[in-house]
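Colleague: This is start_21.txt (compact mmCIF, C-alpha atoms).
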# COMPACT_ATOMS: atom_id res chain seq x y z
CA MET A 1 7.16 -13.64 -6.91
CA ASN A 2 4.16 -13.31 -4.66
CA ASP A 3 3.80 -15.18 -1.39
CA VAL A 4 0.52 -14.67 0.47
CA LYS A 5 -0.02 -16.04 3.94
CA ALA A 6 -2.68 -15.53 6.55
CA ALA A 7 -0.97 -15.41 9.94
CA SER A 8 -4.42 -15.34 11.49
CA GLU A 9 -7.98 -15.12 10.29
CA LEU A 10 -7.87 -11.32 10.54
CA GLU A 11 -4.34 -10.63 9.28
CA LEU A 12 -2.94 -10.45 5.75
CA ARG A 13 0.72 -11.01 4.94
CA ILE A 14 2.10 -10.63 1.41
CA GLU A 15 5.76 -11.01 0.47
CA ARG A 16 7.03 -9.96 -2.91
CA LEU A 17 10.43 -9.64 -4.56
CA ILE A 18 10.76 -6.22 -6.21
CA ALA A 19 13.59 -5.75 -8.73
CA ALA A 20 14.84 -2.52 -7.14
CA PRO A 21 16.99 -1.62 -4.11
CA PRO A 22 15.28 -0.96 -0.75
CA GLU A 23 15.72 2.83 -1.15
CA GLN A 24 13.64 2.75 -4.34
CA VAL A 25 10.96 0.49 -2.90
CA TYR A 26 10.70 2.72 0.16
CA ALA A 27 10.30 5.72 -2.17
CA TYR A 28 7.46 3.94 -3.99
CA TRP A 29 5.58 4.03 -0.66
CA THR A 30 6.58 7.51 0.54
CA ASP A 31 7.02 9.74 -2.54
CA PRO A 32 3.49 11.03 -3.32
CA GLY A 33 4.31 11.36 -7.04
CA LEU A 34 5.27 7.68 -7.16
CA VAL A 35 2.51 6.33 -4.90
CA VAL A 36 -0.23 7.52 -7.24
CA LYS A 37 1.37 5.71 -10.19
CA TRP A 38 0.90 2.21 -8.75
CA PHE A 39 -1.50 2.45 -5.80
CA GLY A 40 -4.88 0.83 -6.34
CA PRO A 41 -5.84 -2.28 -8.28
CA GLU A 42 -5.17 -2.62 -12.00
CA GLY A 43 -7.58 -0.48 -14.03
CA TYR A 44 -7.95 2.04 -11.18
CA ASP A 45 -6.31 5.46 -11.04
CA ILE A 46 -5.87 8.03 -8.27
CA PRO A 47 -7.42 11.36 -9.35
CA GLU A 48 -7.24 12.89 -5.84
CA SER A 49 -4.70 12.38 -3.08
CA ALA A 50 -2.82 14.08 -0.27
CA PHE A 51 0.20 12.66 1.54
CA ASP A 52 1.73 14.37 4.58
CA VAL A 53 4.64 11.95 4.81
CA ARG A 54 5.80 12.35 8.39
CA VAL A 55 5.05 10.42 11.57
CA GLY A 56 1.60 11.59 12.60
CA GLY A 57 0.90 12.98 9.13
CA ALA A 58 -2.37 12.16 7.40
CA TRP A 59 -2.80 10.65 3.97
CA THR A 60 -5.80 10.15 1.71
CA ALA A 61 -6.27 8.64 -1.74
CA THR A 62 -9.36 8.49 -3.90
CA MET A 63 -9.36 5.53 -6.27
CA ARG A 64 -11.40 5.74 -9.46
CA ARG A 65 -12.68 2.39 -10.68
CA PRO A 66 -12.93 1.56 -14.39
CA ASP A 67 -16.69 2.28 -14.24
CA GLY A 68 -15.97 5.81 -12.92
CA THR A 69 -17.15 5.25 -9.35
CA ARG A 70 -14.81 6.27 -6.58
CA ALA A 71 -13.61 4.90 -3.26
CA THR A 72 -11.57 6.90 -0.77
CA VAL A 73 -9.20 5.54 1.83
CA SER A 74 -7.28 7.47 4.48
CA GLY A 75 -4.96 7.03 7.40
CA THR A 76 -2.08 8.33 9.45
CA TYR A 77 1.61 7.53 9.17
CA ARG A 78 2.83 5.76 12.30
CA THR A 79 6.38 4.73 11.39
CA LEU A 80 8.85 6.03 8.80
CA GLU A 81 12.27 4.35 8.95
CA PRO A 82 13.99 4.90 5.60
CA PRO A 83 14.72 2.73 3.72
CA ARG A 84 13.42 -0.26 5.62
CA ARG A 85 9.95 0.31 7.10
CA VAL A 86 6.79 2.35 6.74
CA ALA A 87 3.62 1.81 8.77
CA PHE A 88 0.27 3.56 8.60
CA THR A 89 -3.38 3.19 9.46
CA TRP A 90 -6.00 2.41 6.82
CA ALA A 91 -9.76 3.02 6.76
CA TRP A 92 -12.27 3.42 3.97
CA VAL A 93 -14.18 6.70 3.95
CA ASP A 94 -17.92 6.64 3.26
CA ASP A 95 -19.88 9.15 1.14
CA LYS A 96 -20.50 11.32 4.21
CA GLY A 97 -16.79 11.54 5.06
CA SER A 98 -16.88 9.12 8.00
CA ARG A 99 -14.06 6.65 8.36
CA GLY A 100 -14.93 3.00 8.76
CA HIS A 101 -13.10 0.20 10.55
CA GLU A 102 -9.38 0.94 10.85
CA THR A 103 -6.59 -1.53 10.16
CA THR A 104 -2.83 -1.09 10.40
CA VAL A 105 -0.44 -1.66 7.51
CA SER A 106 3.29 -2.28 7.92
CA VAL A 107 5.66 -2.58 4.98
CA THR A 108 9.26 -3.71 5.38
CA CYS A 109 11.98 -3.63 2.75
CA GLU A 110 14.96 -5.97 3.01
CA THR A 111 17.83 -6.42 0.57
CA ALA A 112 17.50 -9.75 -1.24
CA PRO A 113 19.10 -11.39 -4.28
CA GLY A 114 17.53 -9.67 -7.28
CA GLY A 115 16.31 -6.60 -5.39
CA THR A 116 14.17 -6.10 -2.31
CA ARG A 117 11.98 -8.49 -0.37
CA MET A 118 8.95 -6.33 0.40
CA THR A 119 6.64 -7.65 3.11
CA LEU A 120 3.23 -6.12 3.74
CA VAL A 121 1.31 -7.04 6.89
CA GLN A 122 -2.20 -5.65 7.37
CA ARG A 123 -3.88 -6.40 10.70
CA GLU A 124 -7.14 -6.19 12.56
CA PHE A 125 -9.61 -6.85 9.77
CA GLU A 126 -13.24 -7.11 10.81
CA THR A 127 -13.79 -10.32 8.84
CA GLN A 128 -11.94 -12.89 6.75
CA GLU A 129 -13.92 -11.65 3.75
CA ARG A 130 -12.50 -8.13 4.16
CA ARG A 131 -9.01 -9.59 4.52
CA ASP A 132 -9.48 -11.57 1.31
CA GLN A 133 -10.75 -8.49 -0.54
CA HIS A 134 -7.63 -6.59 0.51
CA ASN A 135 -5.47 -9.51 -0.61
CA THR A 136 -7.02 -9.20 -4.07
CA GLY A 137 -6.55 -5.41 -4.12
CA TRP A 138 -2.96 -5.39 -2.87
CA SER A 139 -1.95 -8.24 -5.18
CA SER A 140 -3.33 -6.34 -8.17
CA SER A 141 -1.64 -3.11 -7.02
CA PHE A 142 1.68 -4.92 -6.70
CA LYS A 143 1.42 -6.03 -10.34
CA LYS A 144 1.41 -2.32 -11.19
CA LEU A 145 4.32 -1.74 -8.81
CA ASP A 146 6.28 -4.50 -10.58
CA ARG A 147 5.95 -2.51 -13.82
CA MET A 148 7.34 0.71 -12.37
CA PRO A 149 10.47 1.75 -14.27
CA ALA A 150 13.68 0.97 -12.39
CA SER A 151 14.60 4.67 -12.51
CA ALA A 152 11.27 5.91 -11.06
CA GLY A 153 12.22 5.70 -7.42
CA LYS A 154 15.89 6.63 -7.62
CA VAL A 155 16.81 8.74 -4.65
Would you mind writing the file's structure down as structure tokens?
Modeller:
Amino acid sequence: MNDVKAASELELRIERLIAAPPEQVYAYWTDPGLVVKWFGPEGYDIPESAFDVRVGGAWTATMRRPDGTRATVSGTYRTLEPPRRVAFTWAWVDDKGSRGHETTVSVTCETAPGGTRMTLVQREFETQERRDQHNTGWSSSFKKLDRMPASAGKV
């Protein structure tokens, strides 16, 4: 189940039911070995990444597109409240290593019938077009997350 809403022109909100308990879903976001298995749209992989999973810790992930080109994104963890909430900053990194416009991402995990209601809110986009591009990317990534084995995030 995927429920996408725009709370404002520059905010993205996606709700999804994940067939796993909140502890597992939280691990999908915070265990570096699990993040790289689903992060990025379908057809993309993550050949390079670093995750310092602590408040104030930096993270970076390089996504490789099907055509072999790469895109890098990075940020800083702002909130880690296992197993219910993780928040971090997000900015694309250009070829010279400079970070672009920064948004904030917050993910909450709540127990729901059938698993966990995961809600992603990403704020402060520069344009509606950028918001819509992220909607496409996250929605595709979450299809990969849906296919994660139930045992993958057991803690």
Colleague: For Leu145 of chain A, which of A:Pro47, A:Gly56, A:Pro41, A:Gly114 is the closest residue, counting only C-alpha atoms?
Modeller: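 Closest to Leu145 of chain A, using only C-alpha atoms: A:Pro41.
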Colleague: Give me the residues of segment 61-91 of chain A that have any atom at most 10 Å from an atom of segment 48-52 of chain A; for each, the nearest atom pair and the distance in Å, rounded to one decimal. Use only C-alpha atoms, sort by chain and number, and format it as a Markdown table.
Modeller:
| residue | atom | partner | partner_atom | distance |
| --- | --- | --- | --- | --- |
| A:Ala61 | CA | A:Ser49 | CA | 4.3 |
| A:Thr62 | CA | A:Glu48 | CA | 5.3 |
| A:Met63 | CA | A:Glu48 | CA | 7.7 |
| A:Arg64 | CA | A:Glu48 | CA | 9.0 |
| A:Thr72 | CA | A:Glu48 | CA | 9.0 |
| A:Val73 | CA | A:Ser49 | CA | 9.5 |
| A:Ser74 | CA | A:Ala50 | CA | 9.3 |
| A:Gly75 | CA | A:Phe51 | CA | 9.6 |
| A:Thr76 | CA | A:Asp52 | CA | 8.6 |
| A:Tyr77 | CA | A:Asp52 | CA | 8.2 |
Colleague: For those residues, write C-alpha atoms to a file as a PDB file, in the coordinates of the input.
Modeller:
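Wrote out14.pdb, looks like this:
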ATOM      1  CA  ALA A  61      -6.270   8.640  -1.740  1.00  0.00           C
ATOM      2  CA  THR A  62      -9.360   8.490  -3.900  1.00  0.00           C
ATOM      3  CA  MET A  63      -9.360   5.530  -6.270  1.00  0.00           C
ATOM      4  CA  ARG A  64     -11.400   5.740  -9.460  1.00  0.00           C
ATOM      5  CA  THR A  72     -11.570   6.900  -0.770  1.00  0.00           C
ATOM      6  CA  VAL A  73      -9.200   5.540   1.830  1.00  0.00           C
ATOM      7  CA  SER A  74      -7.280   7.470   4.480  1.00  0.00           C
ATOM      8  CA  GLY A  75      -4.960   7.030   7.400  1.00  0.00           C
ATOM      9  CA  THR A  76      -2.080   8.330   9.450  1.00  0.00           C
ATOM     10  CA  TYR A  77       1.610   7.530   9.170  1.00  0.00           C
TER      11      TYR A  77
END
Colleague: Residues within 6 Å of segment 83-88 of chain A, please, as a PyMOL selection string. Count only C-alpha atoms; anything in the same chain fewer than 2 positions from it doesn't count.
Modeller: chain A and resi 22-23+26+76-81+104-109
Colleague: Select, from A:Val25, A:Ala19, A:Ala91, A:Ile14, the residue with the minimum atom-to-atom distance to Ser139 of chain A, counting all atoms listed in the file.
Modeller: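 The shortest atom-to-atom distance to Ser139 of chain A comes from A:Ile14.
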Colleague: For Asp67 of chain A, which residue out of A:Tyr44, A:Arg130, A:Thr111, A:Pro82 is the nearest one, using all atoms listed in the file?
Modeller: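 The closest residue to Asp67 of chain A is A:Tyr44.
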Colleague: Can you work out the spacing between atom CA of Trp138 of chain A and atom CA of Asp45 of chain A in Å, to one decimal?
Modeller: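 Separation between atom CA of Trp138 of chain A and atom CA of Asp45 of chain A: 14.0 Å.
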Colleague: So the first atom is atom CA of Ser140 of chain A and the second is atom CA of Gly68 of chain A; what is the distance between them in Å, to one decimal place?
Modeller: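 Atom CA of Gly68 of chain A lies at a distance of 18.2 Å from atom CA of Ser140 of chain A.
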Colleague: Looking at A:Gln133, A:Thr60, A:Thr127, A:Gln24, which one is nearest to Phe39 of chain A, with distances taken over all atoms listed in the file?
Modeller: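 Nearest candidate to Phe39 of chain A out of A:Gln133, A:Thr60, A:Thr127, A:Gln24: A:Thr60.
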Colleague: Point out the residue among A:Thr69, A:Thr136, A:Ser98, A:Thr103 with the least atom-to-atom distance to Gln122 of chain A, counting all atoms listed in the file.
Modeller: A:Thr103
Colleague: Between atom CA of Pro66 of chain A and atom CA of Gly97 of chain A, measure the distance and give it in Å to one decimal.
Modeller: 22.2 Å
Colleague: Just checking: using only C-alpha atoms, which residue out of A:Val93, A:Met148, A:Ala112, A:Leu12 ends up closest to Phe125 of chain A?
Modeller: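 Residue with the minimum atom-to-atom distance to Phe125 of chain A: A:Leu12.
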Colleague: Quick one: everything within 7 Å of segment 30-38 of chain A, counting only C-alpha atoms, minus sequence neighbours fewer than 2 positions away in the same chain. Send it as a ChimeraX atom specification.
Modeller: /A:26-28,40,46,51,53,141,144-145
